[in-house]
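Participant: So that you have it, the file is model_8.csv, and it contains CSV, C-alpha atoms:
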chain,number,residue,atom,x,y,z
U,1,MET,CA,60.9,-2.0,-25.2
U,2,GLY,CA,58.5,-0.2,-27.5
U,3,VAL,CA,54.8,-0.9,-27.5
U,4,ASP,CA,53.0,-1.3,-30.8
U,5,VAL,CA,50.2,1.2,-31.0
U,6,GLY,CA,48.3,-1.4,-33.0
U,7,LEU,CA,47.9,-3.7,-30.0
U,8,SER,CA,44.7,-3.9,-28.1
U,9,ARG,CA,44.4,-2.1,-24.7
U,10,CYS,CA,44.8,-5.3,-22.8
U,11,GLN,CA,47.9,-6.3,-24.9
U,12,ARG,CA,49.5,-2.8,-24.3
U,13,GLU,CA,48.9,-3.0,-20.6
U,14,SER,CA,50.5,-6.4,-20.5
U,15,ALA,CA,53.4,-5.3,-22.6
U,16,LEU,CA,54.2,-2.3,-20.5
U,17,GLN,CA,54.7,-4.6,-17.5
U,18,MET,CA,57.6,-6.3,-19.4
U,19,ASP,CA,61.2,-5.2,-19.9
U,20,SER,CA,62.0,-7.5,-22.9
U,21,GLU,CA,60.6,-9.8,-25.6
U,22,GLU,CA,61.7,-12.8,-23.5
U,23,GLU,CA,59.8,-11.6,-20.5
U,24,TRP,CA,56.8,-11.1,-22.7
U,25,THR,CA,56.9,-14.8,-23.6
U,26,ALA,CA,57.9,-16.2,-20.2
U,27,SER,CA,55.9,-14.0,-17.8
U,28,PHE,CA,52.6,-12.8,-19.4
U,29,THR,CA,50.0,-11.4,-17.1
U,30,VAL,CA,46.4,-10.8,-18.3
U,31,PRO,CA,45.0,-7.6,-16.8
U,32,VAL,CA,41.6,-7.7,-15.1
U,33,GLY,CA,38.7,-7.5,-17.6
U,34,CYS,CA,40.7,-9.4,-20.3
U,35,GLN,CA,41.0,-13.0,-21.3
U,36,THR,CA,43.3,-15.0,-23.6
U,37,THR,CA,42.1,-16.7,-26.8
U,38,ASP,CA,43.7,-18.4,-29.7
U,39,LYS,CA,43.7,-15.1,-31.4
U,40,GLY,CA,45.3,-13.2,-28.6
U,41,VAL,CA,43.8,-11.1,-25.8
U,42,LYS,CA,40.3,-9.6,-25.8
U,43,VAL,CA,38.4,-7.3,-23.5
U,44,ASN,CA,35.4,-8.6,-21.6
U,45,LYS,CA,32.6,-6.2,-21.5
U,46,VAL,CA,32.0,-5.4,-17.8
U,47,THR,CA,28.5,-4.1,-16.8
U,48,LYS,CA,26.7,-3.5,-13.5
U,49,ARG,CA,24.6,-6.6,-14.2
U,50,SER,CA,27.6,-8.9,-14.0
U,51,ARG,CA,27.1,-8.8,-10.2
U,52,PRO,CA,24.2,-8.1,-7.9
U,53,SER,CA,23.7,-4.3,-7.5
U,54,LEU,CA,24.4,-2.8,-4.1
U,55,ALA,CA,20.7,-1.9,-3.8
U,56,SER,CA,19.7,-5.5,-4.4
U,57,GLU,CA,22.1,-6.7,-1.7
U,58,ILE,CA,20.4,-4.3,0.8
U,59,VAL,CA,17.0,-5.5,-0.3
U,60,ASP,CA,18.0,-9.2,0.2
U,61,SER,CA,19.5,-8.4,3.6
U,62,ILE,CA,16.4,-6.6,4.8
U,63,LYS,CA,14.1,-9.3,3.4
U,64,ALA,CA,16.0,-11.8,5.4
U,65,ARG,CA,15.7,-9.8,8.6
U,66,ILE,CA,11.9,-9.4,8.1
U,67,ASP,CA,11.6,-13.2,7.5
U,68,ASN,CA,13.5,-14.1,10.7
U,69,ALA,CA,11.5,-11.5,12.7
U,70,GLU,CA,14.5,-9.3,13.4
U,71,TYR,CA,12.3,-6.6,11.9
U,72,PRO,CA,8.7,-7.7,13.0
U,73,PRO,CA,5.5,-6.4,11.4
U,74,GLY,CA,4.9,-2.8,12.4
U,75,SER,CA,8.6,-2.1,13.4
U,76,ARG,CA,10.6,0.8,12.0
U,77,LEU,CA,13.6,0.1,9.8
U,78,PRO,CA,16.9,1.9,10.5
U,79,THR,CA,17.2,5.4,9.2
U,80,GLU,CA,18.7,6.2,5.8
U,81,ALA,CA,21.9,7.4,7.5
U,82,GLN,CA,22.1,4.2,9.6
U,83,LEU,CA,21.7,2.0,6.5
U,84,CYS,CA,24.2,4.1,4.6
U,85,GLU,CA,26.8,3.5,7.4
U,86,GLU,CA,26.0,-0.2,7.8
U,87,PHE,CA,26.3,-1.0,4.0
U,88,GLY,CA,28.8,1.7,3.1
U,89,VAL,CA,26.7,3.1,0.3
U,90,SER,CA,25.2,6.4,-0.7
U,91,ARG,CA,21.7,7.7,0.2
U,92,ALA,CA,20.6,7.2,-3.4
U,93,THR,CA,21.4,3.5,-3.2
U,94,VAL,CA,19.5,3.1,0.1
U,95,ARG,CA,16.5,5.0,-1.3
U,96,SER,CA,16.5,2.7,-4.3
U,97,ALA,CA,16.5,-0.4,-2.1
U,98,VAL,CA,13.7,1.0,0.1
U,99,LYS,CA,11.6,1.9,-3.0
U,100,GLU,CA,11.9,-1.7,-4.2
U,101,LEU,CA,10.9,-3.1,-0.8
U,102,ASP,CA,7.9,-0.7,-0.8
U,103,VAL,CA,6.8,-1.7,-4.4
U,104,THR,CA,6.9,-5.4,-3.4
U,105,GLY,CA,4.7,-4.7,-0.4
U,106,LEU,CA,7.1,-5.4,2.4
U,107,VAL,CA,7.5,-1.9,3.8
U,108,HIS,CA,5.8,1.5,3.6
U,109,THR,CA,7.2,4.9,4.2
U,110,ARG,CA,5.4,7.5,6.4
U,111,GLN,CA,6.3,11.0,5.5
U,112,GLY,CA,8.5,12.5,8.2
U,113,LEU,CA,8.2,9.4,10.4
U,114,GLY,CA,10.3,6.7,8.7
U,115,THR,CA,9.9,3.4,6.9
U,116,TYR,CA,8.0,0.6,8.6
U,117,VAL,CA,7.5,-3.2,8.0
U,118,ARG,CA,4.0,-3.7,6.8
U,119,SER,CA,1.7,-5.3,9.4
U,120,ILE,CA,-0.4,-8.4,8.6
U,121,PRO,CA,-3.9,-7.2,7.7
U,122,TYR,CA,-6.3,-7.3,10.6
U,123,VAL,CA,-9.3,-8.0,8.3
U,124,ARG,CA,-9.7,-9.8,5.0
U,125,ASP,CA,-12.7,-9.5,2.9
U,126,GLY,CA,-13.9,-10.3,-0.6
U,127,LEU,CA,-15.0,-7.7,-3.1
U,128,GLU,CA,-17.4,-10.0,-5.0
U,129,LYS,CA,-20.1,-10.0,-2.3
U,130,MET,CA,-21.6,-7.0,-0.5
U,131,GLY,CA,-21.9,-7.2,3.2
U,132,SER,CA,-21.5,-5.5,6.5
U,133,ILE,CA,-18.0,-4.4,7.5
U,134,SER,CA,-18.8,-5.6,11.0
U,135,ASP,CA,-19.6,-9.1,9.7
U,136,SER,CA,-16.3,-9.1,7.8
U,137,ILE,CA,-14.4,-8.2,11.0
U,138,ARG,CA,-16.1,-11.0,12.9
U,139,ALA,CA,-15.4,-13.5,10.1
U,140,SER,CA,-11.7,-12.6,10.6
U,141,GLY,CA,-11.9,-13.6,14.2
U,142,LYS,CA,-11.9,-10.0,15.5
U,143,GLU,CA,-14.4,-8.0,17.6
U,144,PRO,CA,-15.9,-5.1,15.6
U,145,GLY,CA,-16.3,-1.6,17.1
U,146,MET,CA,-17.9,1.5,15.9
U,147,GLU,CA,-17.5,5.2,16.9
U,148,TYR,CA,-19.9,7.8,15.5
U,149,ALA,CA,-18.3,11.2,15.1
U,150,ARG,CA,-21.1,12.9,13.3
U,151,ARG,CA,-24.9,12.5,12.9
U,152,VAL,CA,-26.4,15.5,11.0
U,153,VAL,CA,-29.5,15.9,8.9
U,154,ARG,CA,-29.0,18.1,5.8
U,155,ALA,CA,-29.7,18.6,2.2
U,156,VAL,CA,-27.5,16.9,-0.4
U,157,SER,CA,-25.0,19.0,-2.4
U,158,PRO,CA,-25.4,19.2,-6.2
U,159,ASP,CA,-22.6,16.7,-6.7
U,160,GLU,CA,-24.1,14.3,-4.2
U,161,ALA,CA,-27.6,14.6,-5.8
U,162,ILE,CA,-26.1,13.6,-9.2
U,163,LYS,CA,-24.1,10.7,-7.6
U,164,MET,CA,-27.2,9.4,-5.7
U,165,SER,CA,-29.7,10.1,-8.6
U,166,VAL,CA,-32.0,12.0,-6.2
U,167,PRO,CA,-33.6,15.5,-6.6
U,168,ALA,CA,-31.7,18.6,-5.5
U,169,GLY,CA,-32.4,19.4,-1.9
U,170,THR,CA,-33.2,15.8,-0.8
U,171,GLN,CA,-32.7,15.4,2.9
U,172,VAL,CA,-30.2,12.9,4.1
U,173,LEU,CA,-28.6,11.8,7.3
U,174,GLU,CA,-24.9,12.4,7.2
U,175,LEU,CA,-22.8,10.0,9.3
U,176,ARG,CA,-19.1,9.8,10.0
U,177,ARG,CA,-17.9,6.6,11.6
U,178,LYS,CA,-14.6,5.1,12.8
U,179,ILE,CA,-14.6,1.4,12.5
U,180,THR,CA,-12.3,-0.8,14.6
U,181,ALA,CA,-11.2,-4.5,14.9
U,182,ASP,CA,-10.1,-5.5,18.4
U,183,GLY,CA,-9.7,-1.8,19.1
U,184,GLU,CA,-7.5,-1.1,16.1
U,185,VAL,CA,-8.8,1.4,13.5
U,186,VAL,CA,-9.4,-0.4,10.1
U,187,ALA,CA,-11.6,2.1,8.3
U,188,TYR,CA,-13.2,5.6,8.3
U,189,SER,CA,-16.6,5.8,6.7
U,190,PHE,CA,-18.6,8.8,5.4
U,191,ASP,CA,-22.2,7.9,4.8
U,192,LEU,CA,-25.3,9.6,3.4
U,193,LEU,CA,-28.7,7.9,4.1
U,194,PRO,CA,-31.9,9.3,2.5
U,195,LEU,CA,-34.1,10.5,5.4
U,196,SER,CA,-37.1,9.0,3.6
U,197,ILE,CA,-36.2,5.5,4.5
U,198,PHE,CA,-36.7,6.3,8.2
U,199,GLY,CA,-39.9,6.7,10.1
U,200,PRO,CA,-41.3,10.1,11.1
U,201,GLU,CA,-40.3,9.6,14.7
U,202,PHE,CA,-36.7,8.6,13.8
U,203,ASP,CA,-34.0,9.9,16.2
U,204,PRO,CA,-30.5,9.9,14.6
U,205,LEU,CA,-29.0,9.1,18.0
U,206,GLU,CA,-30.6,5.7,18.0
U,207,LEU,CA,-28.5,4.6,15.1
U,208,GLU,CA,-25.5,2.7,16.5
U,209,GLY,CA,-23.2,-0.1,15.3
U,210,SER,CA,-23.6,-1.6,11.9
U,211,ILE,CA,-25.7,0.3,9.4
U,212,PHE,CA,-26.6,-2.8,7.5
U,213,ALA,CA,-27.8,-4.4,10.7
U,214,TYR,CA,-30.0,-1.4,11.4
U,215,PHE,CA,-31.4,-1.7,7.9
U,216,GLU,CA,-32.3,-5.3,8.5
U,217,ASN,CA,-33.5,-5.3,12.1
U,218,GLN,CA,-35.1,-1.9,12.4
U,219,LEU,CA,-36.3,-0.9,8.9
U,220,GLY,CA,-36.8,-4.3,7.3
U,221,PHE,CA,-34.6,-3.6,4.3
U,222,HIS,CA,-32.0,-6.1,3.1
U,223,ALA,CA,-29.1,-4.4,1.3
U,224,SER,CA,-28.8,-6.7,-1.7
U,225,LEU,CA,-27.0,-4.7,-4.3
U,226,GLY,CA,-23.9,-2.5,-4.3
U,227,ILE,CA,-22.5,-0.5,-7.1
U,228,ALA,CA,-19.0,0.5,-6.2
U,229,GLU,CA,-15.8,2.1,-7.4
U,230,VAL,CA,-12.4,1.3,-5.8
U,231,HIS,CA,-9.6,3.9,-5.6
U,232,ALA,CA,-6.2,4.2,-3.9
U,233,VAL,CA,-6.1,7.4,-1.8
U,234,GLU,CA,-3.2,9.2,0.0
U,235,SER,CA,-4.4,11.9,2.4
U,236,ARG,CA,-3.7,13.2,5.9
U,237,LYS,CA,-7.2,14.6,6.2
U,238,ILE,CA,-9.3,11.4,6.3
U,239,GLY,CA,-8.9,10.2,9.8
U,240,TRP,CA,-9.5,11.7,13.2
U,241,GLY,CA,-8.6,11.0,16.8
U,242,PRO,CA,-5.5,9.5,18.4
U,243,GLY,CA,-3.1,7.8,16.0
U,244,SER,CA,-4.9,9.1,12.9
U,245,GLY,CA,-1.8,10.9,11.8
U,246,GLU,CA,-0.3,7.5,10.9
U,247,HIS,CA,-3.2,6.7,8.6
U,248,THR,CA,-2.4,8.3,5.2
U,249,LEU,CA,-2.9,5.5,2.7
U,250,PHE,CA,-6.3,4.1,2.1
U,251,ILE,CA,-8.4,1.9,-0.2
U,252,LEU,CA,-11.5,3.9,-0.9
U,253,LEU,CA,-14.7,1.9,-1.6
U,254,ASP,CA,-17.1,4.5,-3.1
U,255,GLN,CA,-20.5,2.7,-3.1
U,256,LEU,CA,-24.2,3.0,-3.5
U,257,GLN,CA,-26.4,0.5,-1.7
U,258,TYR,CA,-29.8,-0.7,-2.8
U,259,ALA,CA,-32.6,-2.8,-1.3
U,260,GLU,CA,-34.1,-5.7,-3.1
U,261,ASP,CA,-36.9,-3.5,-4.4
U,262,GLY,CA,-34.4,-1.1,-6.0
U,263,ARG,CA,-34.8,1.5,-3.2
U,264,LEU,CA,-31.6,3.5,-2.5
U,265,LEU,CA,-30.5,2.9,1.0
U,266,GLY,CA,-27.3,4.9,1.1
U,267,TYR,CA,-24.2,6.3,-0.4
U,268,SER,CA,-20.9,5.5,1.4
U,269,ARG,CA,-17.3,6.5,1.0
U,270,SER,CA,-15.4,4.0,3.2
U,271,TYR,CA,-11.7,4.6,3.5
U,272,PHE,CA,-10.0,1.3,4.6
U,273,VAL,CA,-6.6,1.8,6.2
U,274,GLU,CA,-3.9,0.3,4.0
U,275,GLY,CA,-2.3,-2.6,5.7
U,276,ALA,CA,-5.1,-3.1,8.2
U,277,TYR,CA,-7.8,-4.2,5.8
U,278,ALA,CA,-7.1,-6.5,2.8
U,279,PHE,CA,-9.6,-7.1,0.0
U,280,LEU,CA,-9.5,-10.4,-1.9
U,281,LEU,CA,-10.9,-10.7,-5.4
U,282,LYS,CA,-11.7,-14.2,-6.7
U,283,ARG,CA,-11.4,-14.3,-10.5
U,284,THR,CA,-12.2,-17.2,-12.8
U,285,ASN,CA,-12.0,-17.8,-16.5
Now, as a test, write the supplied structure out as C-alpha cells.

Facilitator:
Amino acid sequence: MGVDVGLSRCQRESALQMDSEEEWTASFTVPVGCQTTDKGVKVNKVTKRSRPSLASEIVDSIKARIDNAEYPPGSRLPTEAQLCEEFGVSRATVRSAVKELDVTGLVHTRQGLGTYVRSIPYVRDGLEKMGSISDSIRASGKEPGMEYARRVVRAVSPDEAIKMSVPAGTQVLELRRKITADGEVVAYSFDLLPLSIFGPEFDPLELEGSIFAYFENQLGFHASLGIAEVHAVESRKIGWGPGSGEHTLFILLDQLQYAEDGRLLGYSRSYFVEGAYAFLLKRTN
C-alpha cells in the first residue's frame, strides 16, 4: 500500500506496518511516543523530565545507604569507576550525582583522596555570642585540648597595623595554636596579642590553654566585644602535623577582641575545620 506523505509521523509508522486498508482498520498499532485521539494520532513530547534522571537515581541510592549506615559518617564512597560500573552510567553522570550530594551537604570531595560522607560536627557554637573556643568544646560534651606551635614577639606588619588600628611597629605576641576536641583537630588559630597588655616580667611560655581564660585569670581582662568577619576558605597550607593534609576546607573567623574598657586584647584568625565545627546563627524578625 502507499503511504500518504500528508500523514503524521506516527500515522506513517503505523501504516507502514500494514499490508492493506483492511489491516489498517483491523490491526492498528500505536507506536511508542504516540497516542490516539478523536482526531487521529498525535505525538507526545518526550523529555528527560518525564522520568527521574540517572543522576537523581544515583543520588537517591547513595542517600539511602547513608541513612541506613551502609556508608557511615567519615567513610569513603566507592570510586567513580566503581559507581559507573554499578549503575551502568558514564563518569559525567556520576560526577553530576556526587556534585548534588556535595551541594546538599551529605558528602565532600578531597582532592586526590576521594569522596567521603560528612561527619557529624564535633562542636556546635553560636555566632551571636563571643566566647572561648575551649568553653564551646566543653559545652558540646567534649574535652578541649590546645597545642602551641609558635610563640614569637615581633612587630606588626603594615597590613596588621591597619587591621588592628595600632601604630606601625607595635610589638605583639604571635601565637599559632592547634585546637582539639577529644583529641580531634577542630581548628587552627593564628593570634596577635599586643605586648602592652602583659606585665614587664611576662614570659610567653607561661601562656597555655585558652587565651580568654588567661585574659580573665591572669590579666583581669574580660573579652566582652568581638568584631568579626566570616569567610569560607579552601587551602592546603593552613594546618600542620599528622592528618593536616585532610583539612582543606575551613570556616575562617577573622576577629578583633576588646575588653570592657575598649582596650584591644587581640586579633585572631581562627580556621575551623569544615565538618568538625558547626556554627549556629539564631535569627529573629

Participant: With only C-alpha atoms as the basis for distance, which of U:Leu195, U:Ala232, U:Ser61, U:Gly266 is at the shortest distance from U:Ala155?

Facilitator: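 Result for the nearest residue to U:Ala155: U:Leu195.
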
Participant: Could you check which of U:Leu256, U:Leu219, U:Val98, U:Gly88 is closest to U:Ile62, using only C-alpha atoms?

Facilitator: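 Looking only at the distances to U:Ile62, the closest residue turns out to be U:Val98.
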
Participant: Using only C-alpha atoms, can you tell me which of U:Ala213, U:Ala81, U:Leu252, U:Ala259 comes closest to U:Glu229?

Facilitator: U:Leu252

Participant: Please identify all polymer residues within 6 Å of stretch 130-140 of chain U, counting all atoms listed in the file, omitting same-chain residues fewer than 4 positions from it, and present them as a PyMOL selection string.

Facilitator: chain U and resi 123+144+212

Participant: So which residues fall inside 12 Å of (-33.9, 1.9, 1.6) if we count only C-alpha atoms? Mind giving them as a PyMOL selection string?

Facilitator: chain U and resi 172+192-199+211-212+214-216+218-225+256-267

Participant: Restricting the calculation to only C-alpha atoms: of U:Gln82, U:Thr180, U:Asn217, U:Thr170, which residue gets closest to U:Lys142?

Facilitator: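 For U:Lys142, the nearest of the candidates is U:Thr180.
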
Participant: Please, what distance in Å, to one decimal, runs between atom CA of U:Gln111 and atom CA of U:Ala149?

Facilitator: 26.4 Å

Participant: Using atom CA of U:Arg269 and atom CA of U:Asp254 as the two end points, give the distance in Å to one decimal.

Facilitator: 4.6 Å

Participant: Taking only C-alpha atoms into account, which of U:Glu208, U:Glu184, U:Glu201, U:Asp125 comes nearest U:Ser244?

Facilitator: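 Of the candidates, the smallest distance to U:Ser244 is held by U:Glu184.
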
Participant: Tell me, as an mmCIF file with C-alpha atoms, keeping the file's coordinate frame, which residues lie within 10 Å of U:Arg95, counting all atoms listed in the file; anything in the same chain fewer than 6 positions away does not count.

Facilitator:
data_model
loop_
_atom_site.group_PDB
_atom_site.id
_atom_site.type_symbol
_atom_site.label_atom_id
_atom_site.label_comp_id
_atom_site.auth_asym_id
_atom_site.auth_seq_id
_atom_site.Cartn_x
_atom_site.Cartn_y
_atom_site.Cartn_z
ATOM 1 C CA ALA U 55 20.700 -1.900 -3.800
ATOM 2 C CA GLU U 80 18.700 6.200 5.800
ATOM 3 C CA LEU U 83 21.700 2.000 6.500
ATOM 4 C CA CYS U 84 24.200 4.100 4.600
ATOM 5 C CA LEU U 101 10.900 -3.100 -0.800
#

Participant: Between atom CA of U:Val152 and atom CA of U:Glu206, what is the distance, to one decimal in Å?

Facilitator: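 According to the coordinates, atom CA of U:Val152 and atom CA of U:Glu206 are separated by 12.8 Å.
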
Participant: Please determine, counting only C-alpha atoms, which residue among U:Ala276, U:Ile162, U:Leu106, U:Val59 has the shortest atom-to-atom distance to U:Ala187.

Facilitator: U:Ala276

Participant: Can you tell me, as a JSON list (two decimals) with C-alpha atoms, keeping the file's coordinate frame, what residues are no more than 12 Å from U:Lys63 when counting all atoms listed in the file, ignoring any on the same chain fewer than 2 positions away?

Facilitator:
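And here's around-v1.json as it stands now:
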[["chain", "number", "residue", "atom", "x", "y", "z"],
["U", 56, "SER", "CA", 19.70, -5.50, -4.40],
["U", 57, "GLU", "CA", 22.10, -6.70, -1.70],
["U", 58, "ILE", "CA", 20.40, -4.30, 0.80],
["U", 59, "VAL", "CA", 17.00, -5.50, -0.30],
["U", 60, "ASP", "CA", 18.00, -9.20, 0.20],
["U", 61, "SER", "CA", 19.50, -8.40, 3.60],
["U", 65, "ARG", "CA", 15.70, -9.80, 8.60],
["U", 66, "ILE", "CA", 11.90, -9.40, 8.10],
["U", 67, "ASP", "CA", 11.60, -13.20, 7.50],
["U", 68, "ASN", "CA", 13.50, -14.10, 10.70],
["U", 69, "ALA", "CA", 11.50, -11.50, 12.70],
["U", 70, "GLU", "CA", 14.50, -9.30, 13.40],
["U", 71, "TYR", "CA", 12.30, -6.60, 11.90],
["U", 72, "PRO", "CA", 8.70, -7.70, 13.00],
["U", 77, "LEU", "CA", 13.60, 0.10, 9.80],
["U", 97, "ALA", "CA", 16.50, -0.40, -2.10],
["U", 98, "VAL", "CA", 13.70, 1.00, 0.10],
["U", 100, "GLU", "CA", 11.90, -1.70, -4.20],
["U", 101, "LEU", "CA", 10.90, -3.10, -0.80],
["U", 102, "ASP", "CA", 7.90, -0.70, -0.80],
["U", 104, "THR", "CA", 6.90, -5.40, -3.40],
["U", 105, "GLY", "CA", 4.70, -4.70, -0.40],
["U", 106, "LEU", "CA", 7.10, -5.40, 2.40],
["U", 107, "VAL", "CA", 7.50, -1.90, 3.80],
["U", 117, "VAL", "CA", 7.50, -3.20, 8.00]]

Participant: Need to verify the contact set: U:Arg177, 6 Å, only C-alpha atoms, exclusion of same-chain residues closer than 5 positions in sequence. Can you return it as a PyMOL selection string?

Facilitator: chain U and resi 147-149+188-189

Participant: Just the residues within 10 Å of U:Pro158, please, counting only C-alpha atoms, with nothing from its chain fewer than 5 positions along; format it as a list in words.

Facilitator: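 The residues satisfying every condition are Lys163, Met164, Val166, Pro167, Ala168 and Gly169 of chain U.
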